[in-house]
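Engineer: Compact mmCIF, C-alpha atoms, saved as work14.txt, coming up:
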```
# COMPACT_ATOMS: atom_id res chain seq x y z
CA MET A 1 -28.82 6.90 -31.43
CA GLY A 2 -25.52 8.77 -31.16
CA GLU A 3 -22.34 7.17 -29.95
CA ILE A 4 -21.81 7.29 -26.19
CA THR A 5 -18.68 9.22 -25.25
CA LEU A 6 -16.68 8.92 -22.10
CA SER A 7 -13.85 11.37 -22.31
CA GLY A 8 -10.45 10.94 -20.70
CA ARG A 9 -10.13 14.71 -20.33
CA THR A 10 -13.35 14.74 -18.29
CA ILE A 11 -12.13 11.93 -16.01
CA ILE A 12 -8.78 13.65 -15.46
CA ALA A 13 -10.50 16.96 -14.71
CA ALA A 14 -12.73 15.17 -12.20
CA LEU A 15 -9.69 13.68 -10.44
CA LYS A 16 -8.15 17.14 -10.23
CA GLN A 17 -11.39 18.61 -8.93
CA ALA A 18 -11.33 15.96 -6.19
CA ARG A 19 -7.76 17.03 -5.29
CA ILE A 20 -6.22 13.68 -6.13
CA GLU A 21 -2.45 14.10 -5.96
CA PHE A 22 -1.10 10.55 -6.32
CA VAL A 23 -2.26 8.09 -8.95
CA VAL A 24 -1.30 4.48 -8.33
CA ALA A 25 -1.85 2.35 -11.40
CA LEU A 26 -1.58 -0.74 -13.47
CA PRO A 27 -2.50 -0.28 -17.11
CA ASP A 28 -6.09 -1.05 -18.06
CA ALA A 29 -7.10 -1.19 -21.72
CA THR A 30 -10.23 0.94 -21.24
CA MET A 31 -8.24 3.85 -19.76
CA SER A 32 -4.75 3.30 -21.14
CA ASP A 33 -4.61 5.73 -24.08
CA HIS A 34 -6.76 8.59 -22.84
CA VAL A 35 -6.45 8.51 -19.04
CA LEU A 36 -3.26 6.79 -17.94
CA TRP A 37 -0.91 8.07 -20.66
CA PRO A 38 -2.07 11.70 -20.25
CA LEU A 39 -1.85 11.34 -16.45
CA ALA A 40 1.71 10.08 -16.80
CA LYS A 41 2.63 13.34 -18.53
CA ASP A 42 0.63 15.63 -16.24
CA ASN A 43 2.70 17.38 -13.57
CA ASP A 44 -0.36 17.81 -11.35
CA PHE A 45 -0.17 14.07 -10.54
CA LYS A 46 2.52 11.86 -9.09
CA LEU A 47 2.19 8.48 -10.80
CA ILE A 48 3.28 5.30 -9.05
CA ARG A 49 3.30 2.27 -11.31
CA VAL A 50 2.84 -0.95 -9.35
CA CYS A 51 3.41 -4.62 -10.11
CA LYS A 52 0.13 -5.86 -8.64
CA GLU A 53 -3.11 -4.18 -7.67
CA ASP A 54 -3.17 -5.17 -3.99
CA GLU A 55 0.10 -3.26 -3.58
CA GLY A 56 -1.83 -0.26 -4.84
CA VAL A 57 -4.53 -0.66 -2.18
CA SER A 58 -1.83 -0.56 0.50
CA ILE A 59 0.13 2.31 -1.03
CA CYS A 60 -3.07 4.35 -1.16
CA ALA A 61 -3.73 3.43 2.49
CA GLY A 62 -0.27 4.66 3.49
CA LEU A 63 -0.74 7.90 1.58
CA THR A 64 -4.22 8.56 2.86
CA SER A 65 -3.17 7.81 6.45
CA CYS A 66 -0.75 10.70 6.01
CA ARG A 67 -3.39 13.05 4.59
CA ARG A 68 -2.45 12.77 0.93
CA ARG A 69 -5.16 11.97 -1.60
CA ALA A 70 -4.69 9.07 -3.98
CA ALA A 71 -6.60 7.10 -6.60
CA LEU A 72 -5.94 3.55 -7.72
CA LEU A 73 -6.51 2.90 -11.43
CA MET A 74 -6.82 -0.71 -12.52
CA GLN A 75 -8.74 -3.26 -14.54
CA TYR A 76 -11.56 -5.20 -12.88
CA THR A 77 -9.43 -8.35 -12.87
CA GLY A 78 -7.05 -6.50 -10.55
CA LEU A 79 -9.95 -5.62 -8.30
CA LEU A 80 -10.97 -9.29 -8.19
CA ASP A 81 -7.36 -10.23 -7.41
CA SER A 82 -7.21 -7.70 -4.57
CA ILE A 83 -10.33 -8.61 -2.66
CA ASN A 84 -8.54 -9.59 0.55
CA ALA A 85 -6.59 -6.34 0.65
CA ILE A 86 -9.77 -4.35 -0.07
CA ARG A 87 -11.65 -6.32 2.58
CA ALA A 88 -9.02 -5.83 5.27
CA ILE A 89 -7.57 -2.42 4.53
CA ALA A 90 -10.35 -0.48 2.83
CA VAL A 91 -13.46 -1.99 4.41
CA GLU A 92 -12.56 -3.35 7.87
CA PHE A 93 -9.97 -0.65 8.48
CA ALA A 94 -12.35 1.97 7.02
CA GLN A 95 -9.88 3.65 4.67
CA PRO A 96 -10.92 5.98 1.83
CA ILE A 97 -9.34 3.89 -0.90
CA CYS A 98 -10.63 5.40 -4.16
CA MET A 99 -10.52 2.96 -7.06
CA VAL A 100 -11.22 3.69 -10.72
CA VAL A 101 -11.83 0.34 -12.33
CA GLY A 102 -11.99 -0.41 -16.04
CA LEU A 103 -14.55 -3.00 -17.10
CA LEU A 104 -12.76 -4.37 -20.14
CA SER A 105 -15.14 -5.77 -22.78
CA LYS A 106 -18.32 -4.68 -21.04
CA GLU A 107 -20.96 -4.03 -23.66
CA PRO A 108 -21.70 -0.25 -23.98
CA GLY A 109 -25.09 0.73 -22.62
CA VAL A 110 -25.68 -2.63 -20.94
CA PRO A 111 -25.99 -2.55 -17.14
CA VAL A 112 -22.93 -4.12 -15.49
CA VAL A 113 -24.96 -6.90 -13.86
CA ARG A 114 -26.46 -7.83 -17.26
CA SER A 115 -23.15 -8.15 -19.08
CA LYS A 116 -22.73 -11.37 -21.02
CA LEU A 117 -19.32 -11.71 -19.43
CA PHE A 118 -19.46 -13.60 -16.14
CA SER A 119 -16.29 -11.89 -14.92
CA VAL A 120 -17.83 -8.42 -15.44
CA ARG A 121 -21.30 -9.35 -14.19
CA ILE A 122 -20.00 -10.39 -10.76
CA VAL A 123 -18.18 -7.11 -10.05
CA GLU A 124 -21.10 -5.13 -8.63
CA PRO A 125 -22.48 -7.98 -6.46
CA ILE A 126 -18.98 -8.43 -5.00
CA LEU A 127 -18.64 -4.71 -4.28
CA GLY A 128 -22.11 -4.83 -2.74
CA ALA A 129 -21.17 -7.78 -0.52
CA LEU A 130 -18.06 -5.89 0.59
CA GLY A 131 -20.13 -2.78 1.24
CA VAL A 132 -18.01 -0.67 -1.12
CA ASP A 133 -19.74 2.45 -2.46
CA HIS A 134 -19.74 2.19 -6.26
CA PHE A 135 -21.22 3.50 -9.47
CA CYS A 136 -20.57 3.06 -13.18
CA MET A 137 -19.39 5.76 -15.59
CA GLU A 138 -20.73 5.12 -19.09
CA GLU A 139 -20.72 8.64 -20.50
CA ASP A 140 -19.40 12.09 -19.68
CA SER A 141 -22.43 13.09 -17.63
CA ASP A 142 -21.72 10.17 -15.25
CA VAL A 143 -18.24 11.53 -14.53
CA ALA A 144 -19.86 14.42 -12.64
CA LEU A 145 -20.55 11.83 -9.91
CA LEU A 146 -16.84 11.18 -9.38
CA PRO A 147 -15.67 14.28 -7.45
CA PRO A 148 -18.53 14.19 -4.90
CA ALA A 149 -18.07 10.42 -4.51
CA ILE A 150 -14.38 10.94 -3.71
CA GLU A 151 -15.26 13.74 -1.26
CA ARG A 152 -17.78 11.41 0.39
CA ALA A 153 -15.20 8.61 0.63
CA TYR A 154 -12.77 10.92 2.44
CA ALA A 155 -15.43 12.54 4.62
CA ARG A 156 -16.76 9.15 5.77
CA SER A 157 -13.43 7.30 5.57
CA GLN A 158 -14.81 4.56 3.36
CA PRO A 159 -13.74 3.00 0.06
CA LEU A 160 -15.10 3.87 -3.37
CA ALA A 161 -15.11 2.04 -6.70
CA ALA A 162 -15.88 4.11 -9.81
CA LEU A 163 -16.38 1.64 -12.64
CA VAL A 164 -15.49 2.62 -16.19
CA GLY A 165 -18.16 1.11 -18.41
CA HIS A 166 -16.47 1.29 -21.76
CA ARG A 167 -13.35 2.36 -23.58
CA VAL A 168 -12.47 5.99 -22.92
CA SER A 169 -12.09 8.44 -25.80
CA PRO A 170 -9.88 11.56 -25.80
CA MET B 1 21.55 -16.50 14.14
CA MET B 2 20.16 -13.59 16.19
CA ARG B 3 17.11 -13.25 18.38
CA ARG B 4 14.51 -11.06 16.67
CA ASP B 5 13.65 -9.14 19.84
CA GLU B 6 17.34 -8.39 20.46
CA CYS B 7 17.77 -7.10 16.90
CA LEU B 8 14.75 -4.87 17.34
CA LYS B 9 16.10 -3.54 20.64
CA VAL B 10 19.26 -2.52 18.81
CA LEU B 11 17.20 -0.86 16.08
CA ALA B 12 15.05 0.94 18.65
CA LYS B 13 18.14 2.68 20.05
CA HIS B 14 18.65 4.27 16.62
CA ARG B 15 15.02 5.09 15.89
CA GLY B 16 15.12 8.74 16.91
CA ASP B 17 12.03 10.77 17.75
CA ASP B 18 10.38 11.12 14.40
CA ALA B 19 10.88 7.87 12.49
CA ILE B 20 7.70 6.14 11.40
CA VAL B 21 7.81 2.37 11.89
CA VAL B 22 5.57 -0.05 10.02
CA GLY B 23 5.41 -3.31 11.94
CA VAL B 24 4.34 -6.55 10.26
CA TYR B 25 2.96 -9.52 12.22
CA ASN B 26 5.47 -10.98 14.71
CA ALA B 27 8.05 -8.27 14.17
CA GLY B 28 5.26 -5.75 14.70
CA PHE B 29 4.11 -7.41 17.91
CA ASP B 30 7.72 -7.53 19.18
CA TRP B 31 8.19 -3.88 18.21
CA ARG B 32 5.12 -2.77 20.11
CA ARG B 33 6.66 -4.14 23.31
CA ILE B 34 10.09 -2.67 22.59
CA SER B 35 9.34 0.78 21.16
CA GLN B 36 5.85 2.16 21.73
CA SER B 37 5.02 5.31 19.82
CA PRO B 38 2.04 6.92 18.12
CA LEU B 39 4.23 6.80 15.01
CA ASN B 40 4.01 3.01 14.94
CA TYR B 41 1.77 1.76 12.13
CA TYR B 42 0.69 -1.88 12.19
CA SER B 43 0.22 -3.82 8.95
CA ILE B 44 -1.66 -6.86 10.12
CA GLY B 45 -4.80 -8.26 8.50
CA ALA B 46 -3.75 -8.54 4.86
CA MET B 47 -0.47 -10.45 4.91
CA GLY B 48 2.30 -9.27 2.64
CA GLN B 49 1.22 -5.65 2.45
CA GLY B 50 3.59 -4.00 4.95
CA SER B 51 6.21 -2.94 2.43
CA SER B 52 3.51 -1.28 0.29
CA HIS B 53 1.88 0.56 3.20
CA ALA B 54 5.36 1.83 4.07
CA LEU B 55 5.92 3.03 0.51
CA GLY B 56 2.76 5.14 0.64
CA ILE B 57 3.82 6.59 3.99
CA ALA B 58 7.38 7.27 2.79
CA LEU B 59 6.08 9.14 -0.27
CA ALA B 60 3.68 11.16 1.86
CA MET B 61 6.19 11.99 4.60
CA PRO B 62 9.51 12.54 2.82
CA GLU B 63 11.08 14.37 5.76
CA HIS B 64 10.66 11.33 8.05
CA LYS B 65 12.54 8.06 7.99
CA VAL B 66 10.12 5.21 7.35
CA ILE B 67 11.27 1.85 8.71
CA VAL B 68 9.36 -1.28 7.75
CA LEU B 69 9.80 -4.42 9.85
CA ASP B 70 8.77 -7.09 7.35
CA GLY B 71 8.69 -10.86 7.63
CA ASP B 72 10.10 -13.34 5.13
CA GLY B 73 6.75 -15.08 4.58
CA SER B 74 5.10 -11.69 4.22
CA LEU B 75 7.60 -10.43 1.68
CA LEU B 76 7.23 -13.62 -0.37
CA MET B 77 3.56 -12.71 -0.78
CA ASN B 78 4.47 -9.31 -2.25
CA LEU B 79 7.85 -9.75 -3.94
CA GLY B 80 6.82 -7.38 -6.72
CA SER B 81 6.77 -4.61 -4.13
CA LEU B 82 10.58 -4.70 -4.17
CA VAL B 83 10.50 -3.62 -7.81
CA THR B 84 7.85 -0.96 -7.18
CA ILE B 85 9.82 0.44 -4.22
CA ALA B 86 13.11 0.45 -6.11
CA GLN B 87 11.43 2.29 -9.00
CA ALA B 88 9.80 4.87 -6.70
CA ALA B 89 13.13 5.14 -4.85
CA PRO B 90 12.05 6.99 -1.71
CA PRO B 91 15.28 8.15 -0.03
CA ASN B 92 13.67 7.81 3.42
CA TYR B 93 12.71 4.11 3.08
CA TYR B 94 14.44 1.46 5.26
CA HIS B 95 13.26 -2.09 4.69
CA PHE B 96 14.17 -4.72 7.29
CA VAL B 97 13.15 -8.35 6.85
CA ALA B 98 13.23 -10.69 9.83
CA GLU B 99 14.12 -13.97 8.13
CA ASN B 100 13.23 -16.92 10.32
CA GLY B 101 12.43 -19.27 7.44
CA ALA B 102 8.95 -20.04 8.72
CA TYR B 103 5.33 -18.95 8.87
CA GLU B 104 5.67 -18.45 12.59
CA ALA B 105 2.10 -17.27 13.22
CA ASN B 106 0.64 -20.29 11.43
CA GLY B 107 2.35 -23.32 12.91
CA SER B 108 5.95 -22.55 11.91
CA HIS B 109 5.75 -24.36 8.58
CA PRO B 110 8.81 -23.62 6.43
CA ILE B 111 8.65 -20.90 3.79
CA PRO B 112 9.32 -21.98 0.20
CA GLY B 113 13.03 -21.65 -0.47
CA ARG B 114 13.97 -21.76 3.20
CA GLY B 115 17.73 -21.64 3.49
CA THR B 116 18.30 -21.05 -0.22
CA VAL B 117 16.39 -17.90 -1.15
CA SER B 118 18.32 -14.64 -0.75
CA PHE B 119 16.05 -11.73 0.12
CA ALA B 120 18.93 -9.26 -0.07
CA GLY B 121 19.73 -10.74 -3.49
CA HIS B 122 16.13 -10.17 -4.58
CA ALA B 123 16.30 -6.58 -3.35
CA ARG B 124 19.55 -5.91 -5.21
CA ALA B 125 18.17 -7.45 -8.39
CA ALA B 126 15.01 -5.35 -8.04
CA GLY B 127 17.12 -2.20 -7.97
CA TYR B 128 17.61 -1.31 -4.29
CA PRO B 129 20.90 0.59 -4.21
CA HIS B 130 21.88 -0.92 -0.86
CA ALA B 131 21.18 -4.39 0.52
CA PHE B 132 22.71 -6.03 3.58
CA GLU B 133 22.42 -9.29 5.47
CA PHE B 134 23.25 -9.95 9.12
CA ASP B 135 23.33 -13.11 11.20
CA ALA B 136 25.42 -11.79 14.13
CA LEU B 137 24.06 -9.23 16.57
CA GLU B 138 27.47 -7.66 17.29
CA LYS B 139 27.99 -6.88 13.62
CA PHE B 140 24.45 -5.51 13.25
CA GLU B 141 25.02 -3.24 16.28
CA VAL B 142 28.14 -1.83 14.65
CA GLU B 143 26.51 -1.24 11.25
CA ILE B 144 22.96 -0.11 12.03
CA GLY B 145 23.86 3.57 12.48
CA LYS B 146 25.56 3.62 9.09
CA ILE B 147 22.63 1.82 7.45
CA LEU B 148 20.14 4.38 8.72
CA ALA B 149 22.40 7.20 7.52
CA LEU B 150 22.33 5.93 3.93
CA LYS B 151 20.04 7.39 1.29
CA GLY B 152 17.24 4.89 0.72
CA PRO B 153 15.74 2.70 -0.27
CA VAL B 154 17.89 0.40 1.86
CA PHE B 155 17.20 -3.29 2.40
CA THR B 156 18.46 -5.37 5.32
CA THR B 157 17.91 -9.04 6.03
CA LEU B 158 18.13 -10.05 9.68
CA LYS B 159 18.56 -13.79 10.07
CA VAL B 160 16.69 -14.49 13.27
CA VAL B 161 15.07 -16.91 15.65
CA PRO B 162 12.01 -15.65 17.52
CA GLY B 163 13.35 -14.76 20.98
CA GLU B 164 11.05 -13.82 23.84
CA LYS B 165 7.46 -14.18 22.68
CA ALA B 166 5.38 -11.00 22.52
CA PRO B 167 1.61 -11.26 22.92
CA HIS B 168 -0.27 -11.52 19.63
CA ASP B 169 -2.69 -8.72 20.31
CA PHE B 170 -4.60 -8.70 17.02
CA ALA B 171 -7.42 -6.68 18.58
CA PHE B 172 -4.95 -3.86 19.30
CA ALA B 173 -3.11 -4.01 15.97
CA ASN B 174 -6.29 -4.20 13.89
CA SER B 175 -8.29 -1.65 15.82
CA ARG B 176 -9.45 1.56 14.22
CA GLU B 177 -8.48 3.32 17.47
CA THR B 178 -4.83 2.25 17.06
CA HIS B 179 -4.88 3.53 13.50
CA ARG B 180 -6.56 6.75 14.62
CA GLN B 181 -3.71 7.39 17.07
CA PHE B 182 -1.31 7.14 14.15
CA THR B 183 -3.32 9.44 11.89
CA ASP B 184 -3.76 11.95 14.73
CA ALA B 185 0.00 11.99 15.30
CA ILE B 186 0.57 12.55 11.58
CA ALA B 187 -2.06 15.29 11.50
CA GLU B 188 -0.22 17.06 14.32
CA ILE B 189 3.08 16.84 12.44
CA VAL B 190 1.47 18.13 9.24
CA ALA B 191 -0.18 21.00 11.10
CA ARG B 192 3.15 21.98 12.71
CA ARG B 193 4.87 21.77 9.33
CA ASP B 194 2.20 23.92 7.68
CA GLN B 195 2.51 26.56 10.42
CA ALA B 196 6.29 26.74 10.15
```
As structure tokens - that is how I would like this structure written.

Structural biologist:
Amino acid sequence: MGEITLSGRTIIAALKQARIEFVVALPDATMSDHVLWPLAKDNDFKLIRVCKEDEGVSICAGLTSCRRRAALLMQYTGLLDSINAIRAIAVEFAQPICMVVGLLSKEPGVPVVRSKLFSVRIVEPILGALGVDHFCMEEDSDVALLPPAIERAYARSQPLAALVGHRVSP
Amino acid sequence: MMRRDECLKVLAKHRGDDAIVVGVYNAGFDWRRISQSPLNYYSIGAMGQGSSHALGIALAMPEHKVIVLDGDGSLLMNLGSLVTIAQAAPPNYYHFVAENGAYEANGSHPIPGRGTVSFAGHARAAGYPHAFEFDALEKFEVEIGKILALKGPVFTTLKVVPGEKAPHDFAFANSRETHRQFTDAIAEIVARRDQA
């Protein structure tokens, strides 16, 4: 079986296709080298580096309330740390907060809910309990789901979590 | 010490027609009574997040002043936002913190560091180019025009006691309809701007 590839270039192209203008981020090891660093140098995006992920939820809410598209890039631990902000701002306030969430140390090819890591395994059930639309990107073909998912989030004014299932390559 | 509602009345006189105001908890409830506008945005429901909502709005609407009416307990929950805001450095960002030293909405228990913590000091250390502190209304009245004329981000601590109590209308502040009024007003501004 060949190695699964999830390319940073493909993810960045998908964000551009979805007309994301602002990227709000904390570094995540799965996306650091091949998504966040290239984004930082790409003039098509305005990058806002934040100190904590719940700040990012609120910054995205402010931007999106003023008709500017934004994506929040973070590690799953940041998502877990931001549950109250996601609950209040994204879910109860029905805001299209679009999150791209790295699942550090998830085993490639293993469904998220079957990960050996407790902290990874609980991510999808939590998103389900919150009612947040989500899917996992494991390989390049999965990234094709990202632009329509972002469009759907904005059209329905609802949050989205696109999970990144393993370390991104160039 | 100043009354919060009196401080906000002074601020309201300088608001102008197109400033966007992000109100947080008690300051937000007071503001609603003092200065109603579709350009009021209420950050109630996830405590501590007002300064970050305001940053997103300030970046999206650079031609409008964005005034955030924060609380001391709220800011303590999101102190890192001072660093993020200073780094982003939106020139249209005006951060006011009503410092009453207490979690007023939750039984008035004291905040950690009550009487010793300096919020203006935190803002300066985070990189805000301007930070002020007022405990006398007369002085605030004299300075507020100059503060709002500065290039942001600007930080101002208002040392306050509550003043006349405004109703805590959480249903209003948290309603999607209230938020829709704000987004509709913004959409109108954006449409006018795009036509011009």

Engineer: Show me the residues close to (-17.8, 13.5, -20.6) - anything with an atom within 6 Å, counting all atoms listed in the file - and format the list as a count of residues only.

Structural biologist: 6

Engineer: Which residues come within 7 Å of stretch 164-166 of chain A, counting all atoms listed in the file, excluding same-chain residues fewer than 5 positions away, as a ChimeraX atom specification?

Structural biologist: /A:30,101-104,106,108,136-138

Engineer: Neighbourhood query: residues within 9 Å of (15.2, -10.6, 4.6), file coordinates, counting only C-alpha atoms; return as a count of residues only.

Structural biologist: 21

Engineer: Can you pull out every residue within 9 Å of B:Gly48, counting all atoms listed in the file, but drop anything in the same chain fewer than 6 positions away, and send it as a compact mmCIF listing (two decimals) with C-alpha atoms, in the coordinates of the input?

Structural biologist:
```txt
# COMPACT_ATOMS: atom_id res chain seq x y z
CA GLU A 55 0.10 -3.26 -3.58
CA VAL B 24 4.34 -6.55 10.26
CA ASP B 70 8.77 -7.09 7.35
CA GLY B 71 8.69 -10.86 7.63
CA GLY B 73 6.75 -15.08 4.58
CA SER B 74 5.10 -11.69 4.22
CA LEU B 75 7.60 -10.43 1.68
CA LEU B 76 7.23 -13.62 -0.37
CA MET B 77 3.56 -12.71 -0.78
CA ASN B 78 4.47 -9.31 -2.25
CA LEU B 79 7.85 -9.75 -3.94
```

Engineer: Compile the contact shell of B:Pro162 as a list in words: residues with an atom at most 12 Å away, counting only C-alpha atoms, same-chain residues fewer than 6 positions apart removed.

Structural biologist: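 Skipping anything fewer than 6 positions along the chain leaves Met1, Met2, Arg3, Arg4, Asp5, Glu6, Cys7, Leu8, Asn26, Ala27, Phe29, Asp30, Gly71, Ala98, Glu99, Asn100, Gly101, Ala102, Tyr103, Glu104, Ala105 and Ser108 of chain B.
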
Engineer: Using all atoms listed in the file, which residues of chain A come within 7 Å of chain B, and what is the closest atom pair for each, with the distance in Å to one decimal? Give it as JSON lines, sorted by chain and residue number.

Structural biologist:
```
{"residue": "A:Ile48", "atom": "CA", "partner": "B:Ala88", "partner_atom": "CA", "distance": 6.9}
{"residue": "A:Arg49", "atom": "CA", "partner": "B:Thr84", "partner_atom": "CA", "distance": 6.9}
{"residue": "A:Val50", "atom": "CA", "partner": "B:Thr84", "partner_atom": "CA", "distance": 5.5}
{"residue": "A:Cys51", "atom": "CA", "partner": "B:Gly80", "partner_atom": "CA", "distance": 5.5}
{"residue": "A:Glu55", "atom": "CA", "partner": "B:Ser52", "partner_atom": "CA", "distance": 5.5}
{"residue": "A:Ser58", "atom": "CA", "partner": "B:His53", "partner_atom": "CA", "distance": 4.7}
{"residue": "A:Ile59", "atom": "CA", "partner": "B:Gly56", "partner_atom": "CA", "distance": 4.2}
{"residue": "A:Cys60", "atom": "CA", "partner": "B:Gly56", "partner_atom": "CA", "distance": 6.2}
{"residue": "A:Ala61", "atom": "CA", "partner": "B:His53", "partner_atom": "CA", "distance": 6.3}
{"residue": "A:Gly62", "atom": "CA", "partner": "B:Gly56", "partner_atom": "CA", "distance": 4.2}
{"residue": "A:Leu63", "atom": "CA", "partner": "B:Gly56", "partner_atom": "CA", "distance": 4.6}
{"residue": "A:Ser65", "atom": "CA", "partner": "B:Thr183", "partner_atom": "CA", "distance": 5.7}
{"residue": "A:Cys66", "atom": "CA", "partner": "B:Ile186", "partner_atom": "CA", "distance": 6.0}
{"residue": "A:Arg68", "atom": "CA", "partner": "B:Ala60", "partner_atom": "CA", "distance": 6.4}
{"residue": "A:Asn84", "atom": "CA", "partner": "B:Ala46", "partner_atom": "CA", "distance": 6.5}
{"residue": "A:Ala85", "atom": "CA", "partner": "B:Ala46", "partner_atom": "CA", "distance": 5.5}
{"residue": "A:Ala88", "atom": "CA", "partner": "B:Gly45", "partner_atom": "CA", "distance": 5.8}
{"residue": "A:Phe93", "atom": "CA", "partner": "B:Arg176", "partner_atom": "CA", "distance": 6.2}
```

Engineer: Atom CA of B:Asn106 to atom CA of B:Phe134: how many Å, to one decimal?

Structural biologist: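 The value is 25.0 Å.
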
Engineer: Provide the atom CA of A:Gly56 to atom CA of B:Phe172 distance in Å, to one decimal place.

Structural biologist: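 Computed distance, atom CA of A:Gly56 to atom CA of B:Phe172, equals 24.6 Å.
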
Engineer: I'd like to know which of A:Arg69, A:Asp33, A:Val110, A:Leu26 is closest to A:Phe45, using all atoms listed in the file.

Structural biologist: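 Under the stated criterion, the closest residue is A:Arg69.
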